[in-house]
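**Student:** Could you have a look at this structure, given as structure tokens, before my questions?
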Amino acid sequence: MASGDRPRVETLLLDEVDVAGLVKRVGLEEFLRLMMHRLEEGFALFARGEIRVPARHEFYFEKGSVESMPAADSRFFAVKVVNTHPLNPREYGLSTIMALGVLVDGETGLPLMLAESTILTALRTAAATALATKYLARRDSEALGVIGTGAQSLPHLHALSLVVKPSAVYAYDVDSEALRDFASTASRISFDVSPAGPEVVASRADVLTTLTCKPAGTPPVVYNSWVRDGAHMNAVGSDSPGKVELEKALVERAKLVVDFPDQALREGEAQQVPREKVYAHLGEIVLGLKPGRTSQSEVTLFDSVGFAMEDLVAYKLVYELALREGVGRTVKIVATPARPKNIYASYFL
């Protein structure tokens, strides 16, 4: 854009119908593949220092937390506002996690897109987990284990199946209704789920993914003695200080790979161990700076707290696809005064 040219000032608005419709139009599996590919590029850019991500800011309330997650590359800025309120489904009929995101043009500061992000958060998180599994799981992995069958579980099962061809799926949740719903819906996308206790799920899994929303300060949900040599684990549920899913001895035993080191050491499974126990962040492995799995017998762990690089990548992809597919509507949400340095003359006088 030439200096002095007035840019378009409309913002693309994507509500939940638009986002879900866009994903269905592209194809759910194809969307997950696209997201994995873009995240792979994003992790590499992050490792090169070409995507800037500060620590997220989290605010705690009696029944949950709300946080802001900003990130930027050389062209775009994005920020997501997201909550975690575990009692929402039971008390209010709302999702535990809800989110809203903004994609901003770095040249002008104009908001390009405002997007519902509850759906996108689930899909981008699952794609990141699958990407890590691609680099860290044994090539002959077949059995998948899922502990925690809430909103993240089906996207994770679907995304993981793109990198591991499952011969069996084992699942557990303290909420038996959620477990039944997970198994029933999984069958509609050709997955046969075997409900089992947490020890059985963990001990039989080649790839174990934990997706719980347990309170901080409570016992772990997976113990070291349950996990066999050669397994890969994705710990996705830990996202605040004092909240962990895995026994400390298991974290100490594993080759520990994180998504975003500073955040993982404060909020993830990595909070249980010293910084030097962290083998790598995923971007280093994607970029080839460090190898991923190096033996059939080692236990690998991806500590996923979720970070804003993933949201920046997701918003850029969705913006591109929405423009291509003609999805969403534009709104003039930002003021454009006739005299930019005089809002009184432009609006009030």
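Ligands are numbered from 1 in the order shown, residues from 1 within each chain, and chains are lettered A, B, ... in the order they appear in the structure tokens.
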Using only C-alpha atoms, which protein or nucleic acid residues come within 9 Å of range 221-234 of chain A? Drop anything in the same chain fewer than 5 positions from it, and give the result as an mmCIF file with C-alpha atoms, in the first residue's frame.

**Tutor:**
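Written file, out_5.cif:
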data_model
loop_
_atom_site.group_PDB
_atom_site.id
_atom_site.type_symbol
_atom_site.label_atom_id
_atom_site.label_comp_id
_atom_site.auth_asym_id
_atom_site.auth_seq_id
_atom_site.Cartn_x
_atom_site.Cartn_y
_atom_site.Cartn_z
ATOM 1 C CA THR A 129 -0.412 -32.340 19.436
ATOM 2 C CA ALA A 132 4.512 -33.281 18.103
ATOM 3 C CA THR A 133 3.428 -36.926 17.914
ATOM 4 C CA LEU A 136 8.240 -37.996 18.960
ATOM 5 C CA ALA A 137 6.179 -41.204 18.761
ATOM 6 C CA ARG A 138 7.516 -44.542 17.561
ATOM 7 C CA SER A 141 2.721 -46.895 17.300
ATOM 8 C CA ILE A 147 -7.709 -39.582 29.408
ATOM 9 C CA PRO A 198 -7.028 -44.788 33.732
ATOM 10 C CA GLU A 199 -4.338 -47.364 34.540
ATOM 11 C CA VAL A 200 -5.479 -49.649 31.733
ATOM 12 C CA VAL A 201 -5.654 -46.751 29.257
ATOM 13 C CA ALA A 202 -2.150 -45.565 30.191
ATOM 14 C CA SER A 203 -0.556 -49.013 30.222
ATOM 15 C CA ARG A 204 -1.932 -50.090 26.840
ATOM 16 C CA ALA A 205 -1.255 -46.879 24.927
ATOM 17 C CA ASP A 206 1.616 -46.356 22.516
ATOM 18 C CA VAL A 207 0.478 -42.728 22.375
ATOM 19 C CA LEU A 208 -1.219 -41.424 25.515
ATOM 20 C CA THR A 209 -2.924 -38.021 25.513
ATOM 21 C CA THR A 210 -4.204 -36.388 28.694
ATOM 22 C CA LEU A 211 -6.892 -33.732 28.272
ATOM 23 C CA THR A 212 -8.236 -33.214 31.760
ATOM 24 C CA LYS A 214 -8.620 -31.044 36.997
ATOM 25 C CA VAL A 244 -0.407 -31.131 36.695
ATOM 26 C CA GLU A 245 -1.641 -34.361 35.119
ATOM 27 C CA LEU A 246 1.465 -36.566 35.373
ATOM 28 C CA GLU A 247 3.371 -37.881 38.360
ATOM 29 C CA LYS A 248 6.672 -36.067 38.841
ATOM 30 C CA ALA A 249 8.654 -39.302 38.470
ATOM 31 C CA LEU A 250 7.099 -39.798 35.034
ATOM 32 C CA VAL A 251 8.091 -36.302 33.898
ATOM 33 C CA ARG A 253 11.780 -40.240 33.323
ATOM 34 C CA ALA A 254 10.645 -38.837 29.970
ATOM 35 C CA SER A 295 15.370 -44.935 20.419
ATOM 36 C CA GLN A 296 12.454 -47.352 20.453
ATOM 37 C CA SER A 297 12.525 -47.663 24.226
ATOM 38 C CA GLU A 298 12.668 -44.054 25.402
ATOM 39 C CA VAL A 299 9.557 -42.409 26.819
ATOM 40 C CA THR A 300 8.817 -39.067 25.181
ATOM 41 C CA LEU A 301 6.570 -36.307 26.493
ATOM 42 C CA PHE A 302 5.121 -33.280 24.720
ATOM 43 C CA ASP A 303 4.133 -30.700 27.317
ATOM 44 C CA SER A 304 1.495 -28.598 25.571
#

**Student:** Might you pull out every residue within 10 Å of Met98 in chain A, with only C-alpha atoms counted and same-chain residues fewer than 2 positions away left off, and present them as an mmCIF file with all heavy atoms, in the first residue's frame?

**Tutor:**
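Done, and the output landed in selection21.cif:
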data_model
loop_
_atom_site.group_PDB
_atom_site.id
_atom_site.type_symbol
_atom_site.label_atom_id
_atom_site.label_comp_id
_atom_site.auth_asym_id
_atom_site.auth_seq_id
_atom_site.Cartn_x
_atom_site.Cartn_y
_atom_site.Cartn_z
ATOM 1 N N VAL A 66 -9.181 -16.128 33.044
ATOM 2 C CA VAL A 66 -9.270 -15.500 31.723
ATOM 3 C C VAL A 66 -7.874 -14.992 31.389
ATOM 4 O O VAL A 66 -7.186 -14.431 32.246
ATOM 5 C CB VAL A 66 -10.279 -14.330 31.706
ATOM 6 C CG1 VAL A 66 -10.335 -13.693 30.315
ATOM 7 C CG2 VAL A 66 -11.667 -14.808 32.123
ATOM 8 N N VAL A 81 -8.379 -13.814 23.446
ATOM 9 C CA VAL A 81 -8.851 -13.792 24.829
ATOM 10 C C VAL A 81 -9.582 -15.109 25.060
ATOM 11 O O VAL A 81 -10.510 -15.457 24.314
ATOM 12 C CB VAL A 81 -9.796 -12.603 25.080
ATOM 13 C CG1 VAL A 81 -10.335 -12.644 26.509
ATOM 14 C CG2 VAL A 81 -9.068 -11.281 24.830
ATOM 15 N N VAL A 82 -9.135 -15.861 26.076
ATOM 16 C CA VAL A 82 -9.654 -17.207 26.288
ATOM 17 C C VAL A 82 -9.823 -17.455 27.789
ATOM 18 O O VAL A 82 -9.058 -16.938 28.599
ATOM 19 C CB VAL A 82 -8.717 -18.264 25.647
ATOM 20 C CG1 VAL A 82 -7.316 -18.185 26.223
ATOM 21 C CG2 VAL A 82 -9.283 -19.671 25.766
ATOM 22 N N ASN A 83 -10.825 -18.237 28.119
ATOM 23 C CA ASN A 83 -11.077 -18.552 29.526
ATOM 24 C C ASN A 83 -10.931 -20.040 29.772
ATOM 25 O O ASN A 83 -10.913 -20.856 28.841
ATOM 26 C CB ASN A 83 -12.497 -18.134 29.911
ATOM 27 C CG ASN A 83 -13.524 -19.121 29.363
ATOM 28 O OD1 ASN A 83 -13.658 -19.253 28.144
ATOM 29 N ND2 ASN A 83 -14.234 -19.820 30.233
ATOM 30 N N THR A 84 -10.862 -20.412 31.043
ATOM 31 C CA THR A 84 -11.018 -21.795 31.488
ATOM 32 C C THR A 84 -11.899 -21.783 32.727
ATOM 33 O O THR A 84 -11.475 -21.309 33.787
ATOM 34 C CB THR A 84 -9.658 -22.450 31.817
ATOM 35 O OG1 THR A 84 -8.801 -22.386 30.674
ATOM 36 C CG2 THR A 84 -9.857 -23.917 32.204
ATOM 37 N N HIS A 85 -13.115 -22.264 32.583
ATOM 38 C CA HIS A 85 -14.086 -22.318 33.688
ATOM 39 C C HIS A 85 -14.671 -23.729 33.744
ATOM 40 O O HIS A 85 -15.659 -24.026 33.053
ATOM 41 C CB HIS A 85 -15.185 -21.270 33.490
ATOM 42 C CG HIS A 85 -14.778 -19.884 33.845
ATOM 43 N ND1 HIS A 85 -13.864 -19.163 33.105
ATOM 44 C CD2 HIS A 85 -15.137 -19.079 34.892
ATOM 45 C CE1 HIS A 85 -13.691 -17.962 33.659
ATOM 46 N NE2 HIS A 85 -14.441 -17.895 34.740
ATOM 47 N N LEU A 94 -22.480 -23.773 29.362
ATOM 48 C CA LEU A 94 -21.471 -23.149 28.505
ATOM 49 C C LEU A 94 -20.241 -24.043 28.415
ATOM 50 O O LEU A 94 -20.028 -24.920 29.254
ATOM 51 C CB LEU A 94 -21.061 -21.780 29.069
ATOM 52 C CG LEU A 94 -22.141 -20.708 29.151
ATOM 53 C CD1 LEU A 94 -21.619 -19.492 29.914
ATOM 54 C CD2 LEU A 94 -22.591 -20.301 27.753
ATOM 55 N N SER A 95 -19.409 -23.784 27.409
ATOM 56 C CA SER A 95 -18.165 -24.544 27.267
ATOM 57 C C SER A 95 -17.193 -24.176 28.381
ATOM 58 O O SER A 95 -17.174 -23.033 28.866
ATOM 59 C CB SER A 95 -17.523 -24.247 25.914
ATOM 60 O OG SER A 95 -18.358 -24.648 24.850
ATOM 61 N N THR A 96 -16.369 -25.137 28.755
ATOM 62 C CA THR A 96 -15.301 -24.868 29.728
ATOM 63 C C THR A 96 -14.351 -23.814 29.187
ATOM 64 O O THR A 96 -13.929 -22.901 29.899
ATOM 65 C CB THR A 96 -14.527 -26.160 30.037
ATOM 66 O OG1 THR A 96 -15.416 -27.093 30.655
ATOM 67 C CG2 THR A 96 -13.351 -25.897 30.960
ATOM 68 N N LEU A 100 -12.132 -15.729 21.821
ATOM 69 C CA LEU A 100 -12.390 -14.744 20.776
ATOM 70 C C LEU A 100 -11.037 -14.197 20.331
ATOM 71 O O LEU A 100 -10.168 -13.922 21.171
ATOM 72 C CB LEU A 100 -13.256 -13.610 21.320
ATOM 73 C CG LEU A 100 -13.675 -12.502 20.347
ATOM 74 C CD1 LEU A 100 -14.664 -13.061 19.325
ATOM 75 C CD2 LEU A 100 -14.301 -11.345 21.105
ATOM 76 N N GLU A 116 -14.679 -15.931 16.158
ATOM 77 C CA GLU A 116 -14.979 -16.893 17.215
ATOM 78 C C GLU A 116 -13.838 -17.898 17.256
ATOM 79 O O GLU A 116 -13.402 -18.397 16.224
ATOM 80 C CB GLU A 116 -16.294 -17.609 16.906
ATOM 81 C CG GLU A 116 -16.886 -18.379 18.072
ATOM 82 C CD GLU A 116 -16.126 -19.612 18.468
ATOM 83 O OE1 GLU A 116 -15.565 -20.289 17.580
ATOM 84 O OE2 GLU A 116 -16.076 -19.916 19.667
ATOM 85 N N SER A 117 -13.348 -18.199 18.455
ATOM 86 C CA SER A 117 -12.131 -19.002 18.539
ATOM 87 C C SER A 117 -12.239 -20.219 19.439
ATOM 88 O O SER A 117 -11.242 -20.901 19.651
ATOM 89 C CB SER A 117 -10.963 -18.115 19.011
ATOM 90 O OG SER A 117 -10.752 -17.047 18.112
ATOM 91 N N THR A 118 -13.414 -20.498 19.963
ATOM 92 C CA THR A 118 -13.574 -21.708 20.754
ATOM 93 C C THR A 118 -13.323 -22.940 19.889
ATOM 94 O O THR A 118 -12.574 -23.853 20.267
ATOM 95 C CB THR A 118 -14.995 -21.764 21.352
ATOM 96 O OG1 THR A 118 -15.262 -20.537 22.028
ATOM 97 C CG2 THR A 118 -15.135 -22.925 22.314
ATOM 98 N N ILE A 119 -13.922 -22.953 18.722
ATOM 99 C CA ILE A 119 -13.741 -24.065 17.782
ATOM 100 C C ILE A 119 -12.292 -24.112 17.305
ATOM 101 O O ILE A 119 -11.656 -25.176 17.287
ATOM 102 C CB ILE A 119 -14.695 -23.912 16.584
ATOM 103 C CG1 ILE A 119 -16.149 -23.963 17.042
ATOM 104 C CG2 ILE A 119 -14.426 -24.972 15.523
ATOM 105 C CD1 ILE A 119 -17.148 -23.480 16.005
ATOM 106 N N THR A 121 -9.596 -22.967 18.715
ATOM 107 C CA THR A 121 -8.662 -23.369 19.771
ATOM 108 C C THR A 121 -8.590 -24.887 19.871
ATOM 109 O O THR A 121 -7.502 -25.466 19.981
ATOM 110 C CB THR A 121 -9.076 -22.759 21.116
ATOM 111 O OG1 THR A 121 -8.964 -21.330 21.032
ATOM 112 C CG2 THR A 121 -8.184 -23.256 22.249
ATOM 113 N N ALA A 122 -9.734 -25.547 19.832
ATOM 114 C CA ALA A 122 -9.746 -27.009 19.909
ATOM 115 C C ALA A 122 -9.018 -27.627 18.724
ATOM 116 O O ALA A 122 -8.221 -28.572 18.885
ATOM 117 C CB ALA A 122 -11.184 -27.509 19.968
#

**Student:** Which polymer residues have any atom within 8 Å of an atom of Arg75 in chain A, counting only C-alpha atoms, with same-chain residues fewer than 3 positions away left out, as number ranges by chain?

**Tutor:** A: 72, 105-107

**Student:** Pull all heavy atoms from the residues just selected and write them as a PDB file, in the first residue's frame.

**Tutor:**
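Result file follows (out.pdb):
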ATOM      1  N   ALA A  72       3.077 -11.937  17.235  1.00  0.00           N
ATOM      2  CA  ALA A  72       3.239 -11.148  16.006  1.00  0.00           C
ATOM      3  C   ALA A  72       4.373 -11.733  15.166  1.00  0.00           C
ATOM      4  O   ALA A  72       5.350 -12.275  15.693  1.00  0.00           O
ATOM      5  CB  ALA A  72       3.532  -9.683  16.333  1.00  0.00           C
ATOM      6  N   ASP A 105      -3.577  -5.996  10.997  1.00  0.00           N
ATOM      7  CA  ASP A 105      -2.578  -5.633   9.992  1.00  0.00           C
ATOM      8  C   ASP A 105      -1.458  -4.862  10.674  1.00  0.00           C
ATOM      9  O   ASP A 105      -1.683  -3.781  11.231  1.00  0.00           O
ATOM     10  CB  ASP A 105      -3.244  -4.784   8.909  1.00  0.00           C
ATOM     11  CG  ASP A 105      -2.278  -4.312   7.829  1.00  0.00           C
ATOM     12  OD1 ASP A 105      -1.116  -4.745   7.833  1.00  0.00           O
ATOM     13  OD2 ASP A 105      -2.707  -3.496   6.994  1.00  0.00           O
ATOM     14  N   GLY A 106      -0.241  -5.407  10.637  1.00  0.00           N
ATOM     15  CA  GLY A 106       0.879  -4.750  11.304  1.00  0.00           C
ATOM     16  C   GLY A 106       1.286  -3.434  10.685  1.00  0.00           C
ATOM     17  O   GLY A 106       1.865  -2.582  11.358  1.00  0.00           O
ATOM     18  N   GLU A 107       0.964  -3.218   9.403  1.00  0.00           N
ATOM     19  CA  GLU A 107       1.354  -1.974   8.745  1.00  0.00           C
ATOM     20  C   GLU A 107       0.510  -0.794   9.200  1.00  0.00           C
ATOM     21  O   GLU A 107       1.026   0.314   9.401  1.00  0.00           O
ATOM     22  CB  GLU A 107       1.245  -2.126   7.224  1.00  0.00           C
ATOM     23  CG  GLU A 107       1.690  -0.887   6.464  1.00  0.00           C
ATOM     24  CD  GLU A 107       1.618  -1.050   4.952  1.00  0.00           C
ATOM     25  OE1 GLU A 107       1.348  -2.180   4.484  1.00  0.00           O
ATOM     26  OE2 GLU A 107       1.820  -0.050   4.249  1.00  0.00           O
TER      27      GLU A 107
END

**Student:** Can you list, as a PyMOL selection string, every protein, DNA or RNA residue that comes within 6 Å of range 261-278 of chain A when you count only C-alpha atoms, leaving out same-chain residues fewer than 6 positions away?

**Tutor:** chain A and resi 238-241+244+305

**Student:** Restricting the output to all heavy atoms, write the selected residues as a PDB file, in the first residue's frame.

**Tutor:**
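That gives us selection37.pdb:
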ATOM      1  N   SER A 238      -2.618 -29.426  31.542  1.00  0.00           N
ATOM      2  CA  SER A 238      -2.024 -28.502  32.510  1.00  0.00           C
ATOM      3  C   SER A 238      -1.866 -27.120  31.898  1.00  0.00           C
ATOM      4  O   SER A 238      -1.251 -26.965  30.841  1.00  0.00           O
ATOM      5  CB  SER A 238      -0.657 -29.021  32.961  1.00  0.00           C
ATOM      6  OG  SER A 238      -0.809 -30.185  33.720  1.00  0.00           O
ATOM      7  N   ASP A 239      -2.407 -26.099  32.580  1.00  0.00           N
ATOM      8  CA  ASP A 239      -2.342 -24.756  32.012  1.00  0.00           C
ATOM      9  C   ASP A 239      -2.312 -23.681  33.090  1.00  0.00           C
ATOM     10  O   ASP A 239      -2.625 -22.529  32.820  1.00  0.00           O
ATOM     11  CB  ASP A 239      -3.515 -24.516  31.057  1.00  0.00           C
ATOM     12  CG  ASP A 239      -4.866 -24.709  31.739  1.00  0.00           C
ATOM     13  OD1 ASP A 239      -4.900 -24.937  32.963  1.00  0.00           O
ATOM     14  OD2 ASP A 239      -5.887 -24.632  31.045  1.00  0.00           O
ATOM     15  N   SER A 240      -1.930 -24.060  34.306  1.00  0.00           N
ATOM     16  CA  SER A 240      -1.824 -23.064  35.369  1.00  0.00           C
ATOM     17  C   SER A 240      -0.899 -23.591  36.460  1.00  0.00           C
ATOM     18  O   SER A 240      -0.733 -24.814  36.605  1.00  0.00           O
ATOM     19  CB  SER A 240      -3.207 -22.735  35.944  1.00  0.00           C
ATOM     20  OG  SER A 240      -3.792 -23.883  36.510  1.00  0.00           O
ATOM     21  N   PRO A 241      -0.299 -22.707  37.239  1.00  0.00           N
ATOM     22  CA  PRO A 241       0.590 -23.147  38.318  1.00  0.00           C
ATOM     23  C   PRO A 241      -0.125 -24.070  39.303  1.00  0.00           C
ATOM     24  O   PRO A 241      -1.257 -23.825  39.696  1.00  0.00           O
ATOM     25  CB  PRO A 241       1.002 -21.829  38.988  1.00  0.00           C
ATOM     26  CG  PRO A 241       0.861 -20.792  37.910  1.00  0.00           C
ATOM     27  CD  PRO A 241      -0.328 -21.233  37.104  1.00  0.00           C
ATOM     28  N   VAL A 244      -1.179 -30.177  37.488  1.00  0.00           N
ATOM     29  CA  VAL A 244      -0.407 -31.131  36.695  1.00  0.00           C
ATOM     30  C   VAL A 244      -1.218 -32.407  36.505  1.00  0.00           C
ATOM     31  O   VAL A 244      -2.068 -32.746  37.337  1.00  0.00           O
ATOM     32  CB  VAL A 244       0.955 -31.452  37.340  1.00  0.00           C
ATOM     33  CG1 VAL A 244       1.834 -30.208  37.377  1.00  0.00           C
ATOM     34  CG2 VAL A 244       0.795 -32.041  38.733  1.00  0.00           C
ATOM     35  N   VAL A 305       1.150 -26.471  26.685  1.00  0.00           N
ATOM     36  CA  VAL A 305       0.327 -25.496  27.409  1.00  0.00           C
ATOM     37  C   VAL A 305      -0.463 -24.629  26.445  1.00  0.00           C
ATOM     38  O   VAL A 305      -1.376 -23.909  26.856  1.00  0.00           O
ATOM     39  CB  VAL A 305       1.198 -24.616  28.337  1.00  0.00           C
ATOM     40  CG1 VAL A 305       1.756 -25.431  29.474  1.00  0.00           C
ATOM     41  CG2 VAL A 305       2.312 -23.916  27.580  1.00  0.00           C
TER      42      VAL A 305
END

**Student:** Report as a PyMOL selection string all protein, DNA and RNA residues lying within 9 Å of Ala322 in chain A, evaluated on only C-alpha atoms, omitting residues in the same chain fewer than 3 positions from it.

**Tutor:** chain A and resi 12+14+18-19+22+317-319+325-328

**Student:** Show which residues sit within 12 Å of Gly288 in chain A, as a list in words. Count only C-alpha atoms, and ignore same-chain residues fewer than 5 positions away.

**Tutor:**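 Final neighbour list, sorted by chain and number: Glu40, Phe43, Ala44, Ala47, Arg48, Tyr135, Ala280, His281, Leu282 and Gly283 of chain A.
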
**Student:** Out of range 202-298 of chain A, which residues get strand (DSSP E or B) from DSSP, as a list in words?

**Tutor:** Val207, Leu208, Thr209, Thr210, Val222, His232, Met233, Asn234, Ala235, Leu246, Lys255, Leu256, Val257, Val258, Val278, Tyr279, Ala280 and His281 of chain A

**Student:** Save the residues we just selected, C-alpha atoms, as a PDB file, in the first residue's frame?

**Tutor:**
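This went into part-v9.pdb:
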ATOM      1  CA  VAL A 207       0.478 -42.728  22.375  1.00  0.00           C
ATOM      2  CA  LEU A 208      -1.219 -41.424  25.515  1.00  0.00           C
ATOM      3  CA  THR A 209      -2.924 -38.021  25.513  1.00  0.00           C
ATOM      4  CA  THR A 210      -4.204 -36.388  28.694  1.00  0.00           C
ATOM      5  CA  VAL A 222      -1.228 -40.769  35.343  1.00  0.00           C
ATOM      6  CA  HIS A 232       4.839 -41.201  23.784  1.00  0.00           C
ATOM      7  CA  MET A 233       2.682 -38.892  25.911  1.00  0.00           C
ATOM      8  CA  ASN A 234       0.932 -35.634  25.121  1.00  0.00           C
ATOM      9  CA  ALA A 235       0.058 -33.715  28.296  1.00  0.00           C
ATOM     10  CA  LEU A 246       1.465 -36.566  35.373  1.00  0.00           C
ATOM     11  CA  LYS A 255      12.429 -36.932  27.232  1.00  0.00           C
ATOM     12  CA  LEU A 256      10.608 -33.658  27.841  1.00  0.00           C
ATOM     13  CA  VAL A 257       9.691 -31.468  24.862  1.00  0.00           C
ATOM     14  CA  VAL A 258       7.635 -28.308  25.413  1.00  0.00           C
ATOM     15  CA  VAL A 278      13.630 -29.701  29.315  1.00  0.00           C
ATOM     16  CA  TYR A 279      15.238 -31.415  26.320  1.00  0.00           C
ATOM     17  CA  ALA A 280      13.935 -29.035  23.643  1.00  0.00           C
ATOM     18  CA  HIS A 281      11.021 -26.985  22.472  1.00  0.00           C
TER      19      HIS A 281
END

**Student:** For Leu13 in chain A, list every protein, DNA or RNA residue within 9 Å, evaluated using only C-alpha atoms, and leave out those in the same chain fewer than 2 positions away; present the list as an MDAnalysis selection string.

**Tutor:** chainID A and resid 11 15 18 112:116 328:331

**Student:** Dump N, CA and C atoms for the selected residues as an mmCIF file, in the first residue's frame?

**Tutor:**
data_model
loop_
_atom_site.group_PDB
_atom_site.id
_atom_site.type_symbol
_atom_site.label_atom_id
_atom_site.label_comp_id
_atom_site.auth_asym_id
_atom_site.auth_seq_id
_atom_site.Cartn_x
_atom_site.Cartn_y
_atom_site.Cartn_z
ATOM 1 N N THR A 11 -13.742 -4.811 8.738
ATOM 2 C CA THR A 11 -13.207 -5.956 9.476
ATOM 3 C C THR A 11 -14.064 -7.174 9.171
ATOM 4 N N ASP A 15 -18.505 -15.545 12.979
ATOM 5 C CA ASP A 15 -19.127 -16.094 14.182
ATOM 6 C C ASP A 15 -19.005 -17.619 14.151
ATOM 7 N N ASP A 18 -20.060 -19.271 10.928
ATOM 8 C CA ASP A 18 -19.084 -19.047 9.858
ATOM 9 C C ASP A 18 -17.872 -19.959 10.006
ATOM 10 N N LEU A 112 -8.139 -6.785 10.934
ATOM 11 C CA LEU A 112 -8.572 -7.427 9.698
ATOM 12 C C LEU A 112 -9.710 -8.420 9.935
ATOM 13 N N MET A 113 -9.668 -9.086 11.091
ATOM 14 C CA MET A 113 -10.646 -10.153 11.342
ATOM 15 C C MET A 113 -10.909 -10.259 12.830
ATOM 16 N N LEU A 114 -12.172 -10.449 13.142
ATOM 17 C CA LEU A 114 -12.602 -10.778 14.492
ATOM 18 C C LEU A 114 -13.277 -12.139 14.392
ATOM 19 N N ALA A 115 -12.747 -13.133 15.108
ATOM 20 C CA ALA A 115 -13.210 -14.504 14.880
ATOM 21 C C ALA A 115 -13.547 -15.223 16.169
ATOM 22 N N GLU A 116 -14.679 -15.931 16.158
ATOM 23 C CA GLU A 116 -14.979 -16.893 17.215
ATOM 24 C C GLU A 116 -13.838 -17.898 17.256
ATOM 25 N N GLY A 328 -18.280 -15.266 5.960
ATOM 26 C CA GLY A 328 -18.268 -14.177 6.925
ATOM 27 C C GLY A 328 -18.863 -12.904 6.338
ATOM 28 N N ARG A 329 -18.930 -11.879 7.176
ATOM 29 C CA ARG A 329 -19.415 -10.576 6.722
ATOM 30 C C ARG A 329 -18.476 -9.497 7.221
ATOM 31 N N THR A 330 -18.437 -8.395 6.527
ATOM 32 C CA THR A 330 -17.565 -7.301 6.929
ATOM 33 C C THR A 330 -18.362 -6.252 7.695
ATOM 34 N N VAL A 331 -17.725 -5.695 8.706
ATOM 35 C CA VAL A 331 -18.322 -4.623 9.501
ATOM 36 C C VAL A 331 -17.303 -3.496 9.635
#

**Student:** Just how far from CA of Gly21 in chain A is CA of Arg8 in chain A, in Å to one decimal?

**Tutor:**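 Pair CA of Arg8 in chain A / CA of Gly21 in chain A returns 25.4 Å.
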